[in-house]
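For reference, the structure is listed below as structure tokens.
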Amino acid sequence: SSSALSPINSGGRAEEMKTQEEKSTQPMSDLHNIDPELIQRMAYDALVWTSIHGLVVGDKSVPRSGKVPGVGLVHAPIALLPMSFPENHWKQACEVSPIFNELIDRVSLDGEFLQESLSRTKMVDAFTSRLMDIHSQMLENGKREEIRLGLHRSDYMLDEQTKLLLQIEINTISASFPGLGSLVSELHRLRETSSCFNCSCLFCRSLLNQYKEQLGLDSRRIPRNAAVNGFAEALAKAWEEYSNPRAVVMFVVQTEERNMYDQHWLSTEFPFSCFPQLCNTYDVTTIRKTLAEIDEQGVLQPDGTLLVGDQAIGVIYFRAGYAPTDYPSESEWRARLLMEQSSAIKCPSISYHLAGTKKIQQELAKPNVLERFLENKDDIAKIRKCFAGLWSLDDSDIVKDAIERPEFYVMKPQREGGGNNIYGDDVRKSLLRLQEEGAEENAAYILMQRIFPTIAPTYLMRDGICHKDHAMSELGIYGAYLRCVACAKFCDFSFEGASMHILSSFYLSSKTCQFCSFVCLQHFNSVRNRIRNKENVIMNEQCGYLMRTKVSSSNEGGVAAGFAVLDSVYLN
Ligand code: ADP
Ligand code: MG
Ligand code: MG
């Protein structure tokens, strides 16, 4: 019902704005009272910090900046100071992360549910239809993903009036900014001086550390952000499960990518973060390929191995392929199909991709649907608590209300990457148009309750300029999930005798240190223990966060799309 909708419009009256400001700035020092000269000094230092720590993106104004690394770099859009956020809601978002990971996995296994829920969308949305064709083909072939890797980001806004933390969406493909997001937290965090002997080397001198006294900020209130380590670890562990030491991790990328440094941070993390017990033996190689290149250079071997050039691919990590523009010709679709048919671990698989669509989000919010996928009642309640109002356009009462009060709704097509939603009076116009056309096209969209988060003043930095504005934030929580069904097969065997032998030859053959030729017993033992305990979930974790802050007058929140800046969280 629409009665739960918040009556406060984010465009709000001045009076409302004032009280909101007062409330939200209380736990942090009063931003209005910071000396403007101090702000300028801090902004300068922040710019230096971003430049020397790789908190950078390609600069639009430099033509080659999206193609050649090291050319045309500019600092990422950032907030100068962290954003206040209530600790209880922060904890809530972290707590539900593994449950959402599990939910996506369960939904992905229900091919019928995915096909059925998206069947009408398929008829009117050519892009979703192509994705679903690949999915159908996999169902027909009985293709099973035995090792499943999810790197998700679930996004929330805190509704100011109801004080409810409501999910905006969950991204199961190409969830961006684990790299740069982690760096912003480093920029903002006041590092503990004890850990660095109070030196003032470039690494220890985080921005706010220098302005501790003036700002009166407490370092412990900015949570550590290990998103990049968590994602790298999950990718590396997936690669390890693939059990081919010569296989590589392939990043699927766009032909031009100005957010490439976020991705490079992830690949550079591998050698440091994975398997310290193996004395960093496994130097996981990553390669970057576009969909067109994969079509050109990719072949499938009879055993399902995907070769790109002459390299076997163990893990495919998509940072492209989520938007229709990523598929300008049949070549890109052939590449997507080829990858899906292969034995490589896909992040995401086609079913994980579909499970993250907005239509599925809306279907999951219907009564009794979560129960189809989760057993634990507490888990179901926790997930449901995060659901905002979500409706299909078949709901005539809601459509009627949305035409009368469009400011309380957002209309969403099945798209990713920001800039696609419909707001305000355009909601009314679009709904009326659809009604006139009596169209099937209804099924391309969902309607969502509009959430109105607290508006607070903040300092936003873009293109070297720092300016103060009223802003609102969206909190994203990264989740990593890795499940290996193949291991479960071994559970039925006894560990004595033959199966033990199979296992040991299977694992030990590939787990030999490249440098010292010692067999890694530690890894072997951990695998064996997992199998003994019948655990096949290797990883299911909340790992890090992304705060994005945008000026309150903007509807959309994309950083790359130019609406928002990267931020961190100041718990209160
Ligand atoms: P995308 O997959 O393109 O990121 P989202 O559903 O996340 O699509 O919407 C994009 C942006 O629009 C969000 O980051 C947020 O700023 C805004 N937005 C989306 N849904 C809502 C909502 N229900 N209420 C308020 N703002 C919303
Ligand atoms: Mg999205
Ligand atoms: Mg989004």
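Simple scheme: letters A, B, ... for chains in structure tokens order, numbers from 1 for residues in each chain, numbers from 1 for ligands in the order shown.
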Against ligand 3, which residues of chain A fall within 8 Å? For each one I want the closest pair of atoms and the distance in Å (one decimal), counting only C-alpha atoms and all ligand atoms, rows by chain and increasing residue number, as a tab-separated table.
```
residue	atom	partner	partner_atom_place_in_ligand_line	distance
A:Asp155	CA	ligand 3	1 (Mg)	6.8
A:Ile168	CA	ligand 3	1 (Mg)	6.9
A:Glu169	CA	ligand 3	1 (Mg)	6.1
A:Ile170	CA	ligand 3	1 (Mg)	7.6
A:Asn171	CA	ligand 3	1 (Mg)	7.1
A:Glu416	CA	ligand 3	1 (Mg)	6.9
A:Gly417	CA	ligand 3	1 (Mg)	6.6
A:Gly418	CA	ligand 3	1 (Mg)	6.1
A:Gly557	CA	ligand 3	1 (Mg)	7.2
A:Gly558	CA	ligand 3	1 (Mg)	7.0
```
How would the residues just picked look written out with N, CA and C atoms as a PDB file, in the first residue's frame?
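File written: again-v9.pdb
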```
ATOM      1  N   ASP A 155      22.598  -1.936  -2.320  1.00  0.00           N
ATOM      2  CA  ASP A 155      22.544  -0.497  -2.026  1.00  0.00           C
ATOM      3  C   ASP A 155      21.303  -0.121  -1.223  1.00  0.00           C
ATOM      4  N   ILE A 168      17.737  -0.146  -2.250  1.00  0.00           N
ATOM      5  CA  ILE A 168      17.498   0.447  -3.560  1.00  0.00           C
ATOM      6  C   ILE A 168      17.548  -0.654  -4.608  1.00  0.00           C
ATOM      7  N   GLU A 169      18.596  -1.445  -4.565  1.00  0.00           N
ATOM      8  CA  GLU A 169      18.734  -2.557  -5.507  1.00  0.00           C
ATOM      9  C   GLU A 169      19.920  -3.397  -5.056  1.00  0.00           C
ATOM     10  N   ILE A 170      20.040  -4.598  -5.650  1.00  0.00           N
ATOM     11  CA  ILE A 170      21.266  -5.370  -5.452  1.00  0.00           C
ATOM     12  C   ILE A 170      21.911  -5.570  -6.820  1.00  0.00           C
ATOM     13  N   ASN A 171      23.195  -5.244  -6.887  1.00  0.00           N
ATOM     14  CA  ASN A 171      23.928  -5.375  -8.148  1.00  0.00           C
ATOM     15  C   ASN A 171      24.674  -6.692  -8.151  1.00  0.00           C
ATOM     16  N   GLU A 416      20.990  -1.178 -15.936  1.00  0.00           N
ATOM     17  CA  GLU A 416      22.007  -0.978 -14.904  1.00  0.00           C
ATOM     18  C   GLU A 416      22.907   0.196 -15.286  1.00  0.00           C
ATOM     19  N   GLY A 417      23.603   0.715 -14.304  1.00  0.00           N
ATOM     20  CA  GLY A 417      24.641   1.688 -14.603  1.00  0.00           C
ATOM     21  C   GLY A 417      24.231   3.139 -14.404  1.00  0.00           C
ATOM     22  N   GLY A 418      23.033   3.374 -13.924  1.00  0.00           N
ATOM     23  CA  GLY A 418      22.600   4.733 -13.608  1.00  0.00           C
ATOM     24  C   GLY A 418      22.029   5.477 -14.795  1.00  0.00           C
ATOM     25  N   GLY A 557      22.046   8.613  -8.780  1.00  0.00           N
ATOM     26  CA  GLY A 557      23.165   8.558  -7.852  1.00  0.00           C
ATOM     27  C   GLY A 557      24.481   8.052  -8.409  1.00  0.00           C
ATOM     28  N   GLY A 558      24.601   7.866  -9.713  1.00  0.00           N
ATOM     29  CA  GLY A 558      25.815   7.254 -10.257  1.00  0.00           C
ATOM     30  C   GLY A 558      27.036   8.152 -10.148  1.00  0.00           C
TER      31      GLY A 558
END
```
Note to self: I want to know what sits within 9 Å of stretch 67-79 of chain A, based on only C-alpha atoms, with residues of the same chain fewer than 4 positions away left out; could you give that as a PyMOL selection string?
What the structure shows: chain A and resi 47+50-51+54-63+83+180+184+255-261+458-464+466+548-549+559-560+562+564-568
Next item on the list: Counting only C-alpha atoms, figure out which residue out of A:Lys237, A:His188, A:Arg450, A:Lys163 gets nearest to A:Asp218.
Entry: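 Of the candidates, the smallest distance to A:Asp218 is held by A:His188.
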Check: When the cut-off is 12 Å and you count only C-alpha atoms and all ligand atoms, which residues lie near ligand 2, shown as number ranges by chain?
Finding: A: 152-156, 167-176, 322-323, 353-358, 361, 412-421, 476, 556-558
I need the chosen residues saved as a tab-separated table (two decimals), in the first residue's frame, with N, CA and C atoms.
```tsv
chain	number	residue	atom	x	y	z
A	152	HIS	N	28.70	-9.07	-5.10
A	152	HIS	CA	27.52	-8.21	-5.17
A	152	HIS	C	27.73	-6.90	-4.44
A	153	ARG	N	26.87	-5.95	-4.73
A	153	ARG	CA	26.77	-4.76	-3.88
A	153	ARG	C	25.30	-4.44	-3.70
A	154	SER	N	24.86	-4.49	-2.44
A	154	SER	CA	23.47	-4.19	-2.14
A	154	SER	C	23.41	-2.74	-1.65
A	155	ASP	N	22.60	-1.94	-2.32
A	155	ASP	CA	22.54	-0.50	-2.03
A	155	ASP	C	21.30	-0.12	-1.22
A	156	TYR	N	21.48	0.79	-0.29
A	156	TYR	CA	20.39	1.21	0.59
A	156	TYR	C	20.32	2.72	0.74
A	167	GLN	N	16.29	-1.07	0.81
A	167	GLN	CA	17.17	-1.45	-0.30
A	167	GLN	C	16.75	-0.74	-1.58
A	168	ILE	N	17.74	-0.15	-2.25
A	168	ILE	CA	17.50	0.45	-3.56
A	168	ILE	C	17.55	-0.65	-4.61
A	169	GLU	N	18.60	-1.44	-4.57
A	169	GLU	CA	18.73	-2.56	-5.51
A	169	GLU	C	19.92	-3.40	-5.06
A	170	ILE	N	20.04	-4.60	-5.65
A	170	ILE	CA	21.27	-5.37	-5.45
A	170	ILE	C	21.91	-5.57	-6.82
A	171	ASN	N	23.19	-5.24	-6.89
A	171	ASN	CA	23.93	-5.38	-8.15
A	171	ASN	C	24.67	-6.69	-8.15
A	172	THR	N	24.35	-7.55	-9.10
A	172	THR	CA	25.03	-8.84	-9.18
A	172	THR	C	26.02	-8.89	-10.33
A	173	ILE	N	26.02	-7.84	-11.15
A	173	ILE	CA	27.00	-7.77	-12.22
A	173	ILE	C	27.74	-6.44	-12.13
A	174	SER	N	29.05	-6.53	-12.27
A	174	SER	CA	29.86	-5.33	-12.39
A	174	SER	C	29.66	-4.33	-11.26
A	175	ALA	N	29.51	-4.83	-10.03
A	175	ALA	CA	29.37	-3.92	-8.88
A	175	ALA	C	30.68	-3.14	-8.76
A	176	SER	N	30.62	-1.85	-8.96
A	176	SER	CA	31.87	-1.11	-9.10
A	176	SER	C	32.33	-0.46	-7.80
A	322	TYR	N	26.70	-5.44	-18.93
A	322	TYR	CA	25.46	-5.20	-18.20
A	322	TYR	C	24.51	-4.26	-18.93
A	323	ALA	N	25.02	-3.61	-20.00
A	323	ALA	CA	24.19	-2.62	-20.69
A	323	ALA	C	24.07	-2.96	-22.17
A	353	HIS	N	23.18	-13.00	-13.07
A	353	HIS	CA	22.89	-11.71	-13.70
A	353	HIS	C	21.37	-11.45	-13.66
A	354	LEU	N	20.60	-12.44	-14.11
A	354	LEU	CA	19.14	-12.25	-14.15
A	354	LEU	C	18.55	-12.10	-12.75
A	355	ALA	N	19.13	-12.83	-11.79
A	355	ALA	CA	18.62	-12.74	-10.41
A	355	ALA	C	18.77	-11.33	-9.84
A	356	GLY	N	19.64	-10.54	-10.44
A	356	GLY	CA	19.85	-9.18	-9.94
A	356	GLY	C	19.03	-8.14	-10.69
A	357	THR	N	18.13	-8.56	-11.55
A	357	THR	CA	17.34	-7.55	-12.29
A	357	THR	C	16.28	-6.94	-11.38
A	358	LYS	N	15.82	-5.79	-11.79
A	358	LYS	CA	14.84	-5.07	-10.98
A	358	LYS	C	13.50	-5.78	-10.96
A	361	GLN	N	13.79	-8.34	-8.31
A	361	GLN	CA	13.71	-7.65	-7.01
A	361	GLN	C	12.24	-7.44	-6.63
A	412	LYS	N	11.23	2.23	-12.97
A	412	LYS	CA	12.52	1.68	-13.35
A	412	LYS	C	12.42	0.65	-14.48
A	413	PRO	N	13.22	0.84	-15.53
A	413	PRO	CA	13.32	-0.20	-16.54
A	413	PRO	C	14.37	-1.24	-16.12
A	414	GLN	N	14.55	-2.29	-16.89
A	414	GLN	CA	15.52	-3.34	-16.55
A	414	GLN	C	16.91	-2.92	-17.04
A	415	ARG	N	17.46	-1.92	-16.40
A	415	ARG	CA	18.77	-1.43	-16.83
A	415	ARG	C	19.69	-1.23	-15.64
A	416	GLU	N	20.99	-1.18	-15.94
A	416	GLU	CA	22.01	-0.98	-14.90
A	416	GLU	C	22.91	0.20	-15.29
A	417	GLY	N	23.60	0.72	-14.30
A	417	GLY	CA	24.64	1.69	-14.60
A	417	GLY	C	24.23	3.14	-14.40
A	418	GLY	N	23.03	3.37	-13.92
A	418	GLY	CA	22.60	4.73	-13.61
A	418	GLY	C	22.03	5.48	-14.79
A	419	GLY	N	21.20	6.47	-14.49
A	419	GLY	CA	20.68	7.36	-15.53
A	419	GLY	C	19.51	6.81	-16.33
A	420	ASN	N	18.91	5.69	-15.88
A	420	ASN	CA	17.83	5.09	-16.67
A	420	ASN	C	16.44	5.26	-16.06
A	421	ASN	N	16.39	5.66	-14.79
A	421	ASN	CA	15.10	5.69	-14.10
A	421	ASN	C	14.28	6.93	-14.44
A	476	GLY	N	26.23	1.38	0.05
A	476	GLY	CA	26.32	0.07	-0.62
A	476	GLY	C	27.16	-0.86	0.23
A	556	GLU	N	19.33	10.91	-9.68
A	556	GLU	CA	20.16	9.72	-9.84
A	556	GLU	C	21.41	9.77	-8.97
A	557	GLY	N	22.05	8.61	-8.78
A	557	GLY	CA	23.16	8.56	-7.85
A	557	GLY	C	24.48	8.05	-8.41
A	558	GLY	N	24.60	7.87	-9.71
A	558	GLY	CA	25.81	7.25	-10.26
A	558	GLY	C	27.04	8.15	-10.15
```
Note to self: Run DSSP on the backbone and tell me which residues of stretch 99-259 of chain A come out as strand (DSSP E); list them as a PyMOL selection string.
What the structure shows: chain A and resi 147-159+164-171+248-252
Notebook entry, point to check: If we count only C-alpha atoms, what is near stretch 147-151 of chain A at a cut-off of 6 Å, once residues fewer than 5 positions away on the same chain are taken out, given as a PyMOL selection string?
Noted result: chain A and resi 347+479-484
